[in-house]
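J.: See coords_28.cif below, with mmCIF, C-alpha atoms; chains and numbers go by the auth columns.
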data_coords
loop_
_atom_site.group_PDB
_atom_site.id
_atom_site.type_symbol
_atom_site.label_atom_id
_atom_site.label_comp_id
_atom_site.label_asym_id
_atom_site.label_seq_id
_atom_site.Cartn_x
_atom_site.Cartn_y
_atom_site.Cartn_z
_atom_site.B_iso_or_equiv
_atom_site.auth_seq_id
_atom_site.auth_asym_id
ATOM 1 C CA MET A 1 6.308 0.972 8.967 0.00 2 A
ATOM 2 C CA ILE A 2 2.815 1.114 7.497 0.00 3 A
ATOM 3 C CA VAL A 3 1.336 -1.549 5.213 0.00 4 A
ATOM 4 C CA SER A 4 -2.096 -1.715 3.632 0.00 5 A
ATOM 5 C CA ASN A 5 -4.163 -3.551 1.088 0.00 6 A
ATOM 6 C CA HIS A 6 -4.127 -1.773 -2.278 0.00 7 A
ATOM 7 C CA VAL A 7 -7.286 -0.844 -4.186 0.00 8 A
ATOM 8 C CA SER A 8 -6.540 2.361 -6.085 0.00 9 A
ATOM 9 C CA TRP A 9 -4.089 5.148 -6.802 0.00 10 A
ATOM 10 C CA LEU A 10 -6.240 7.058 -4.290 0.00 11 A
ATOM 11 C CA ASP A 11 -4.839 4.905 -1.445 0.00 12 A
ATOM 12 C CA ILE A 12 -1.620 6.920 -1.175 0.00 13 A
ATOM 13 C CA PHE A 13 -3.538 10.155 -0.675 0.00 14 A
ATOM 14 C CA VAL A 14 -5.975 8.631 1.831 0.00 15 A
ATOM 15 C CA ILE A 15 -3.166 7.231 3.983 0.00 16 A
ATOM 16 C CA ASN A 16 -1.021 10.373 3.675 0.00 17 A
ATOM 17 C CA THR A 17 -3.929 12.535 4.807 0.00 18 A
ATOM 18 C CA LEU A 18 -4.054 10.796 8.185 0.00 19 A
ATOM 19 C CA HIS A 19 -0.509 9.441 8.518 0.00 20 A
ATOM 20 C CA PRO A 20 2.014 11.414 6.463 0.00 21 A
ATOM 21 C CA CYS A 21 4.700 9.050 5.224 0.00 22 A
ATOM 22 C CA HIS A 22 7.024 8.164 2.378 0.00 23 A
ATOM 23 C CA PHE A 23 5.697 5.420 0.097 0.00 24 A
ATOM 24 C CA VAL A 24 7.535 2.734 -1.795 0.00 25 A
ATOM 25 C CA ALA A 25 5.929 2.501 -5.237 0.00 26 A
ATOM 26 C CA LYS A 26 6.616 0.937 -8.602 0.00 27 A
ATOM 27 C CA SER A 27 8.784 3.126 -10.805 0.00 28 A
ATOM 28 C CA ASP A 28 6.085 3.297 -13.544 0.00 29 A
ATOM 29 C CA ILE A 29 4.089 5.720 -11.385 0.00 30 A
ATOM 30 C CA ARG A 30 6.778 8.374 -11.794 0.00 31 A
ATOM 31 C CA SER A 31 5.673 8.808 -15.452 0.00 32 A
ATOM 32 C CA TRP A 32 1.953 9.240 -14.694 0.00 33 A
ATOM 33 C CA PRO A 33 0.584 12.703 -15.467 0.00 34 A
ATOM 34 C CA LEU A 34 0.277 14.872 -12.354 0.00 35 A
ATOM 35 C CA ILE A 35 0.104 11.890 -9.937 0.00 36 A
ATOM 36 C CA GLY A 36 3.714 10.928 -10.700 0.00 37 A
ATOM 37 C CA TRP A 37 4.879 14.468 -10.076 0.00 38 A
ATOM 38 C CA LEU A 38 2.884 14.698 -6.827 0.00 39 A
ATOM 39 C CA CYS A 39 4.274 11.359 -5.621 0.00 40 A
ATOM 40 C CA GLU A 40 7.832 12.418 -6.406 0.00 41 A
ATOM 41 C CA LYS A 41 7.381 15.725 -4.539 0.00 42 A
ATOM 42 C CA ALA A 42 5.929 13.806 -1.566 0.00 43 A
ATOM 43 C CA GLY A 43 9.143 11.786 -1.257 0.00 44 A
ATOM 44 C CA THR A 44 7.952 8.538 -2.812 0.00 45 A
ATOM 45 C CA ILE A 45 10.654 5.895 -3.094 0.00 46 A
ATOM 46 C CA PHE A 46 10.386 4.399 -6.583 0.00 47 A
ATOM 47 C CA LEU A 47 11.279 0.734 -7.073 0.00 48 A
ATOM 48 C CA ALA A 48 11.996 -0.954 -10.412 0.00 49 A
ATOM 49 C CA ARG A 49 10.331 -4.352 -10.136 0.00 50 A
ATOM 50 C CA GLY A 50 12.129 -7.544 -10.977 0.00 51 A
ATOM 51 C CA LYS A 51 15.587 -6.130 -10.343 0.00 52 A
ATOM 52 C CA GLN A 52 17.039 -7.859 -7.282 0.00 53 A
ATOM 53 C CA ARG A 53 19.896 -5.356 -6.976 0.00 54 A
ATOM 54 C CA GLU A 54 17.348 -2.526 -6.955 0.00 55 A
ATOM 55 C CA VAL A 55 15.300 -4.211 -4.208 0.00 56 A
ATOM 56 C CA ARG A 56 18.429 -4.599 -2.077 0.00 57 A
ATOM 57 C CA ARG A 57 19.402 -0.938 -2.576 0.00 58 A
ATOM 58 C CA ILE A 58 15.894 0.265 -1.688 0.00 59 A
ATOM 59 C CA TYR A 59 15.754 -2.069 1.316 0.00 60 A
ATOM 60 C CA GLU A 60 19.003 -0.705 2.756 0.00 61 A
ATOM 61 C CA GLY A 61 17.769 2.851 2.238 0.00 62 A
ATOM 62 C CA LEU A 62 14.494 2.032 3.988 0.00 63 A
ATOM 63 C CA VAL A 63 16.277 0.723 7.063 0.00 64 A
ATOM 64 C CA HIS A 64 18.309 3.945 7.326 0.00 65 A
ATOM 65 C CA GLN A 65 15.235 6.134 6.811 0.00 66 A
ATOM 66 C CA ILE A 66 13.229 4.251 9.442 0.00 67 A
ATOM 67 C CA GLN A 67 16.122 4.508 11.899 0.00 68 A
ATOM 68 C CA ALA A 68 16.248 8.251 11.151 0.00 69 A
ATOM 69 C CA GLY A 69 12.607 8.511 12.273 0.00 70 A
ATOM 70 C CA LYS A 70 10.847 8.618 8.894 0.00 71 A
ATOM 71 C CA ARG A 71 7.542 6.811 8.487 0.00 72 A
ATOM 72 C CA ILE A 72 7.600 4.441 5.501 0.00 73 A
ATOM 73 C CA ALA A 73 4.595 2.791 3.844 0.00 74 A
ATOM 74 C CA PHE A 74 4.124 0.226 1.123 0.00 75 A
ATOM 75 C CA PHE A 75 1.489 -2.017 -0.397 0.00 76 A
ATOM 76 C CA PRO A 76 2.737 -5.593 0.035 0.00 77 A
ATOM 77 C CA GLU A 77 0.366 -6.989 -2.595 0.00 78 A
ATOM 78 C CA GLY A 78 2.596 -5.282 -5.166 0.00 79 A
ATOM 79 C CA THR A 79 -0.405 -4.292 -7.267 0.00 80 A
ATOM 80 C CA THR A 80 -4.006 -3.251 -6.840 0.00 81 A
ATOM 81 C CA ALA A 81 -6.825 -5.725 -6.272 0.00 82 A
ATOM 82 C CA ALA A 82 -10.587 -5.358 -6.510 0.00 83 A
ATOM 83 C CA GLN A 83 -12.273 -4.574 -3.227 0.00 84 A
ATOM 84 C CA GLY A 84 -13.219 -7.703 -1.345 0.00 85 A
ATOM 85 C CA THR A 85 -9.909 -9.300 -2.376 0.00 86 A
ATOM 86 C CA VAL A 86 -6.544 -9.331 -0.617 0.00 87 A
ATOM 87 C CA LEU A 87 -3.764 -10.751 -2.780 0.00 88 A
ATOM 88 C CA PRO A 88 -0.789 -12.577 -1.245 0.00 89 A
ATOM 89 C CA PHE A 89 1.652 -10.218 0.485 0.00 90 A
ATOM 90 C CA HIS A 90 5.238 -10.088 -0.776 0.00 91 A
ATOM 91 C CA ALA A 91 7.517 -10.368 2.250 0.00 92 A
ATOM 92 C CA ASN A 92 10.774 -8.724 1.066 0.00 93 A
ATOM 93 C CA LEU A 93 10.235 -5.181 2.354 0.00 94 A
ATOM 94 C CA PHE A 94 8.995 -6.399 5.752 0.00 95 A
ATOM 95 C CA GLU A 95 12.641 -7.223 6.445 0.00 96 A
ATOM 96 C CA ALA A 96 13.371 -3.485 6.703 0.00 97 A
ATOM 97 C CA ALA A 97 11.025 -3.179 9.716 0.00 98 A
ATOM 98 C CA ILE A 98 12.620 -6.217 11.342 0.00 99 A
ATOM 99 C CA GLU A 99 16.142 -4.898 10.857 0.00 100 A
ATOM 100 C CA ALA A 100 15.161 -1.390 11.999 0.00 101 A
ATOM 101 C CA GLN A 101 13.419 -2.970 15.024 0.00 102 A
ATOM 102 C CA VAL A 102 10.093 -1.221 14.508 0.00 103 A
ATOM 103 C CA PRO A 103 6.620 -2.743 14.485 0.00 104 A
ATOM 104 C CA VAL A 104 4.590 -3.103 11.318 0.00 105 A
ATOM 105 C CA GLN A 105 1.383 -1.080 11.435 0.00 106 A
ATOM 106 C CA PRO A 106 -1.229 -2.648 9.136 0.00 107 A
ATOM 107 C CA PHE A 107 -4.202 -0.730 7.820 0.00 108 A
ATOM 108 C CA VAL A 108 -7.153 -1.692 5.671 0.00 109 A
ATOM 109 C CA ILE A 109 -8.450 0.760 3.144 0.00 110 A
ATOM 110 C CA ARG A 110 -11.869 0.511 1.586 0.00 111 A
ATOM 111 C CA TYR A 111 -14.129 2.746 -0.438 0.00 112 A
ATOM 112 C CA VAL A 112 -17.840 2.551 0.254 0.00 113 A
ATOM 113 C CA ASP A 113 -21.090 3.946 -1.050 0.00 114 A
ATOM 114 C CA MET A 114 -23.742 5.549 1.131 0.00 115 A
ATOM 115 C CA GLN A 115 -25.067 2.107 2.141 0.00 116 A
ATOM 116 C CA GLY A 116 -21.615 1.048 3.370 0.00 117 A
ATOM 117 C CA GLU A 117 -21.047 -1.385 0.483 0.00 118 A
ATOM 118 C CA PHE A 118 -17.834 -1.527 -1.549 0.00 119 A
ATOM 119 C CA HIS A 119 -17.909 1.218 -4.187 0.00 120 A
ATOM 120 C CA PRO A 120 -16.873 -0.278 -7.544 0.00 121 A
ATOM 121 C CA ALA A 121 -15.655 3.040 -8.978 0.00 122 A
ATOM 122 C CA ALA A 122 -12.613 2.951 -6.671 0.00 123 A
ATOM 123 C CA ASN A 123 -11.229 -0.267 -8.175 0.00 124 A
ATOM 124 C CA PHE A 124 -8.136 0.432 -10.292 0.00 125 A
ATOM 125 C CA ILE A 125 -7.422 -2.985 -11.740 0.00 126 A
ATOM 126 C CA GLY A 126 -6.468 -4.825 -14.897 0.00 127 A
ATOM 127 C CA ASP A 127 -5.819 -2.748 -17.996 0.00 128 A
ATOM 128 C CA MET A 128 -7.580 0.321 -16.607 0.00 129 A
ATOM 129 C CA THR A 129 -5.654 3.530 -17.245 0.00 130 A
ATOM 130 C CA PHE A 130 -5.293 6.394 -14.817 0.00 131 A
ATOM 131 C CA VAL A 131 -7.577 8.500 -17.064 0.00 132 A
ATOM 132 C CA ASP A 132 -10.208 5.716 -17.127 0.00 133 A
ATOM 133 C CA SER A 133 -10.068 5.486 -13.341 0.00 134 A
ATOM 134 C CA MET A 134 -10.371 9.243 -12.884 0.00 135 A
ATOM 135 C CA ARG A 135 -13.373 9.302 -15.239 0.00 136 A
ATOM 136 C CA GLU A 136 -15.079 6.470 -13.277 0.00 137 A
ATOM 137 C CA ILE A 137 -14.532 8.217 -9.959 0.00 138 A
ATOM 138 C CA LEU A 138 -15.750 11.612 -11.187 0.00 139 A
ATOM 139 C CA LYS A 139 -18.981 10.262 -12.703 0.00 140 A
ATOM 140 C CA ALA A 140 -19.751 7.877 -9.821 0.00 141 A
ATOM 141 C CA PRO A 141 -22.205 8.558 -7.006 0.00 142 A
ATOM 142 C CA LYS A 142 -20.802 9.651 -3.661 0.00 143 A
ATOM 143 C CA MET A 143 -17.940 7.571 -2.291 0.00 144 A
ATOM 144 C CA ARG A 144 -16.328 7.546 1.153 0.00 145 A
ATOM 145 C CA ALA A 145 -12.810 6.318 1.901 0.00 146 A
ATOM 146 C CA GLU A 146 -12.293 4.407 5.137 0.00 147 A
ATOM 147 C CA LEU A 147 -8.888 3.735 6.670 0.00 148 A
ATOM 148 C CA ILE A 148 -9.027 1.133 9.429 0.00 149 A
ATOM 149 C CA ARG A 149 -6.076 0.804 11.810 0.00 150 A
ATOM 150 C CA LEU A 150 -5.349 -2.797 12.763 0.00 151 A
ATOM 151 C CA PRO A 151 -3.253 -3.965 15.736 0.00 152 A
ATOM 152 C CA ALA A 152 0.480 -3.377 15.269 0.00 153 A
ATOM 153 C CA ILE A 153 2.632 -6.435 14.613 0.00 154 A
ATOM 154 C CA PRO A 154 5.849 -6.700 16.644 0.00 155 A
ATOM 155 C CA THR A 155 8.945 -7.626 14.647 0.00 156 A
ATOM 156 C CA ARG A 156 11.403 -8.598 17.375 0.00 157 A
ATOM 157 C CA ASP A 157 12.830 -12.049 16.553 0.00 158 A
ATOM 158 C CA ALA A 158 10.288 -12.347 13.723 0.00 159 A
ATOM 159 C CA HIS A 159 10.675 -13.630 10.189 0.00 160 A
ATOM 160 C CA ARG A 160 9.534 -11.438 7.319 0.00 161 A
ATOM 161 C CA ARG A 161 7.251 -14.136 5.881 0.00 162 A
ATOM 162 C CA GLU A 162 5.504 -14.576 9.240 0.00 163 A
ATOM 163 C CA VAL A 163 5.010 -10.825 9.635 0.00 164 A
ATOM 164 C CA ALA A 164 3.703 -10.538 6.060 0.00 165 A
ATOM 165 C CA GLN A 165 1.244 -13.391 6.643 0.00 166 A
ATOM 166 C CA GLN A 166 0.061 -11.889 9.954 0.00 167 A
ATOM 167 C CA ALA A 167 -0.572 -8.550 8.211 0.00 168 A
ATOM 168 C CA ARG A 168 -2.453 -10.223 5.351 0.00 169 A
ATOM 169 C CA THR A 169 -4.565 -12.335 7.704 0.00 170 A
ATOM 170 C CA ALA A 170 -5.461 -9.248 9.745 0.00 171 A
ATOM 171 C CA ALA A 171 -6.503 -7.416 6.559 0.00 172 A
ATOM 172 C CA GLN A 172 -8.642 -10.343 5.407 0.00 173 A
ATOM 173 C CA GLN A 173 -10.342 -10.567 8.792 0.00 174 A
ATOM 174 C CA ALA A 174 -11.027 -6.811 8.877 0.00 175 A
ATOM 175 C CA LEU A 175 -12.634 -7.046 5.441 0.00 176 A
ATOM 176 C CA ASN A 176 -14.502 -10.286 6.326 0.00 177 A
ATOM 177 C CA ILE A 177 -12.721 -12.204 3.568 0.00 178 A
ATOM 178 C CA ALA A 178 -12.406 -15.942 4.058 0.00 179 A
ATOM 179 C CA GLU A 179 -9.290 -17.705 2.785 0.00 180 A
ATOM 180 C CA PRO A 180 -10.275 -19.972 -0.153 0.00 181 A
ATOM 181 C CA ALA A 181 -10.339 -23.663 0.743 0.00 182 A
#
Could you take the file, read its structure, and then write that structure out as structure tokens?

T.:
Amino acid sequence: MIVSNHVSWLDIFVINTLHPCHFVAKSDIRSWPLIGWLCEKAGTIFLARGKQREVRRIYEGLVHQIQAGKRIAFFPEGTTAAQGTVLPFHANLFEAAIEAQVPVQPFVIRYVDMQGEFHPAANFIGDMTFVDSMREILKAPKMRAELIRLPAIPTRDAHRREVAQQARTAAQQALNIAEPA
């Protein structure tokens, strides 16, 4: 199971380029022009937020898919955050890795300019629309996506909250983000 911080709609494509997988994503994405269609064709698992029965159904399906050898990925922040920020990780879907007895493989994704600094055009946050984001990316100077593999987290005899916190801490450390006091 792959987890990563979440900066942009681009994240899915960056991760899939190097590690083809099926993503869990919010159901709203299905209605996005072109991106929604591409995600659906790529086998994205759409989740309606705030519906506990839906989460349980998706969770059970994830366990079966993982046991069948499929690689699953999700963004435990549940939404995008500006680069240089890692929001708290929601722990629910980590339970699928624990039950399927597979490690969690955390990654950090970042988008940088030619000087290696965070590239602001990648941020897809707040009220920004997909069209606004696409416009920002297309008019911006050169940007490079970086996907950093962090050490895998074993799940044997683990609790989902502990695994989620370990993944978040690893992401913060990789991005040199200190936890606020």

J.: List the residues matched by the PyMOL selection byres ((chain A and resi 111) around 10) in the displayed structure as number ranges by chain, ordered by chain and then by residue number.

T.: A: 6-9, 12, 84-85, 108-110, 112-113, 117-120, 123-124, 145-149, 176

J.: On this structure, the PyMOL selection byres ((chain A and resi 95) around 9) would catch which residues? List them as a list of chain:residue names, sorted by chain and number.

T.: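 Checking the PyMOL selection byres ((chain A and resi 95) around 9) against this file, the residues are A:Met2, A:Pro77, A:His91, A:Ala92, A:Asn93, A:Leu94, A:Glu96, A:Ala97, A:Ala98, A:Ile99, A:Glu100, A:Val105, A:Thr156, A:His160, A:Arg161, A:Arg162, A:Val164, A:Ala165.
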
J.: Specify as a PDB file with C-alpha atoms, in the frame of the given file each residue included when the PyMOL selection byres ((chain A and resi 25) around 12) is applied to this file.

T.:
ATOM      1  CA  MET A   2       6.308   0.972   8.967  1.00  0.00           C
ATOM      2  CA  ILE A   3       2.815   1.114   7.497  1.00  0.00           C
ATOM      3  CA  VAL A   4       1.336  -1.549   5.213  1.00  0.00           C
ATOM      4  CA  SER A   5      -2.096  -1.715   3.632  1.00  0.00           C
ATOM      5  CA  ILE A  13      -1.620   6.920  -1.175  1.00  0.00           C
ATOM      6  CA  CYS A  22       4.700   9.050   5.224  1.00  0.00           C
ATOM      7  CA  HIS A  23       7.024   8.164   2.378  1.00  0.00           C
ATOM      8  CA  PHE A  24       5.697   5.420   0.097  1.00  0.00           C
ATOM      9  CA  ALA A  26       5.929   2.501  -5.237  1.00  0.00           C
ATOM     10  CA  LYS A  27       6.616   0.937  -8.602  1.00  0.00           C
ATOM     11  CA  SER A  28       8.784   3.126 -10.805  1.00  0.00           C
ATOM     12  CA  ASP A  29       6.085   3.297 -13.544  1.00  0.00           C
ATOM     13  CA  ILE A  30       4.089   5.720 -11.385  1.00  0.00           C
ATOM     14  CA  ARG A  31       6.778   8.374 -11.794  1.00  0.00           C
ATOM     15  CA  CYS A  40       4.274  11.359  -5.621  1.00  0.00           C
ATOM     16  CA  GLU A  41       7.832  12.418  -6.406  1.00  0.00           C
ATOM     17  CA  ALA A  43       5.929  13.806  -1.566  1.00  0.00           C
ATOM     18  CA  GLY A  44       9.143  11.786  -1.257  1.00  0.00           C
ATOM     19  CA  THR A  45       7.952   8.538  -2.812  1.00  0.00           C
ATOM     20  CA  ILE A  46      10.654   5.895  -3.094  1.00  0.00           C
ATOM     21  CA  PHE A  47      10.386   4.399  -6.583  1.00  0.00           C
ATOM     22  CA  LEU A  48      11.279   0.734  -7.073  1.00  0.00           C
ATOM     23  CA  ALA A  49      11.996  -0.954 -10.412  1.00  0.00           C
ATOM     24  CA  ARG A  50      10.331  -4.352 -10.136  1.00  0.00           C
ATOM     25  CA  VAL A  56      15.300  -4.211  -4.208  1.00  0.00           C
ATOM     26  CA  ILE A  59      15.894   0.265  -1.688  1.00  0.00           C
ATOM     27  CA  TYR A  60      15.754  -2.069   1.316  1.00  0.00           C
ATOM     28  CA  GLY A  62      17.769   2.851   2.238  1.00  0.00           C
ATOM     29  CA  LEU A  63      14.494   2.032   3.988  1.00  0.00           C
ATOM     30  CA  ARG A  72       7.542   6.811   8.487  1.00  0.00           C
ATOM     31  CA  ILE A  73       7.600   4.441   5.501  1.00  0.00           C
ATOM     32  CA  ALA A  74       4.595   2.791   3.844  1.00  0.00           C
ATOM     33  CA  PHE A  75       4.124   0.226   1.123  1.00  0.00           C
ATOM     34  CA  PHE A  76       1.489  -2.017  -0.397  1.00  0.00           C
ATOM     35  CA  PRO A  77       2.737  -5.593   0.035  1.00  0.00           C
ATOM     36  CA  GLY A  79       2.596  -5.282  -5.166  1.00  0.00           C
ATOM     37  CA  THR A  80      -0.405  -4.292  -7.267  1.00  0.00           C
ATOM     38  CA  LEU A  94      10.235  -5.181   2.354  1.00  0.00           C
ATOM     39  CA  PHE A  95       8.995  -6.399   5.752  1.00  0.00           C
TER      40      PHE A  95
END

J.: Do you have the atom CA of Asp114 of chain A-atom CA of Val15 of chain A distance handy?

T.: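 Computing the Euclidean distance for atom CA of Asp114 of chain A and atom CA of Val15 of chain A yields 16.1 Å.
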
J.: Mind pulling up the distance from atom CA of Glu61 of chain A to atom CA of Pro152 of chain A?

T.: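 Computing the Euclidean distance for atom CA of Pro152 of chain A and atom CA of Glu61 of chain A yields 26.0 Å.
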
J.: Mind filling out segment 126-142 of chain A with N, CA and C atoms and sending it as a short mmCIF file (atom, residue, chain, number, x, y, z; two decimals), in the frame of the given file?

T.:
data_model
loop_
_atom_site.label_atom_id
_atom_site.label_comp_id
_atom_site.auth_asym_id
_atom_site.auth_seq_id
_atom_site.Cartn_x
_atom_site.Cartn_y
_atom_site.Cartn_z
N ILE A 126 -7.97 -1.65 -11.50
CA ILE A 126 -7.42 -2.98 -11.74
C ILE A 126 -7.32 -3.29 -13.23
N GLY A 127 -6.59 -4.34 -13.52
CA GLY A 127 -6.47 -4.82 -14.90
C GLY A 127 -5.80 -3.82 -15.81
N ASP A 128 -6.37 -3.65 -16.98
CA ASP A 128 -5.82 -2.75 -18.00
C ASP A 128 -6.33 -1.32 -17.86
N MET A 129 -7.03 -1.01 -16.80
CA MET A 129 -7.58 0.32 -16.61
C MET A 129 -6.46 1.36 -16.57
N THR A 130 -6.64 2.46 -17.28
CA THR A 130 -5.65 3.53 -17.24
C THR A 130 -6.00 4.52 -16.14
N PHE A 131 -5.04 5.36 -15.82
CA PHE A 131 -5.29 6.39 -14.82
C PHE A 131 -6.46 7.28 -15.26
N VAL A 132 -6.50 7.64 -16.53
CA VAL A 132 -7.58 8.50 -17.06
C VAL A 132 -8.92 7.78 -16.94
N ASP A 133 -8.96 6.48 -17.28
CA ASP A 133 -10.21 5.72 -17.13
C ASP A 133 -10.67 5.72 -15.67
N SER A 134 -9.74 5.51 -14.76
CA SER A 134 -10.07 5.49 -13.34
C SER A 134 -10.61 6.84 -12.87
N MET A 135 -9.93 7.89 -13.27
CA MET A 135 -10.37 9.24 -12.88
C MET A 135 -11.79 9.50 -13.41
N ARG A 136 -12.04 9.11 -14.63
CA ARG A 136 -13.37 9.30 -15.24
C ARG A 136 -14.44 8.54 -14.44
N GLU A 137 -14.14 7.28 -14.06
CA GLU A 137 -15.08 6.47 -13.28
C GLU A 137 -15.39 7.12 -11.93
N ILE A 138 -14.36 7.60 -11.28
CA ILE A 138 -14.53 8.22 -9.96
C ILE A 138 -15.35 9.50 -10.06
N LEU A 139 -15.06 10.33 -11.06
CA LEU A 139 -15.75 11.61 -11.19
C LEU A 139 -17.22 11.46 -11.56
N LYS A 140 -17.57 10.42 -12.31
CA LYS A 140 -18.98 10.26 -12.70
C LYS A 140 -19.77 9.39 -11.72
N ALA A 141 -19.10 8.79 -10.76
CA ALA A 141 -19.75 7.88 -9.82
C ALA A 141 -20.53 8.64 -8.74
N PRO A 142 -21.53 7.97 -8.17
CA PRO A 142 -22.20 8.56 -7.01
C PRO A 142 -21.22 8.68 -5.84
#
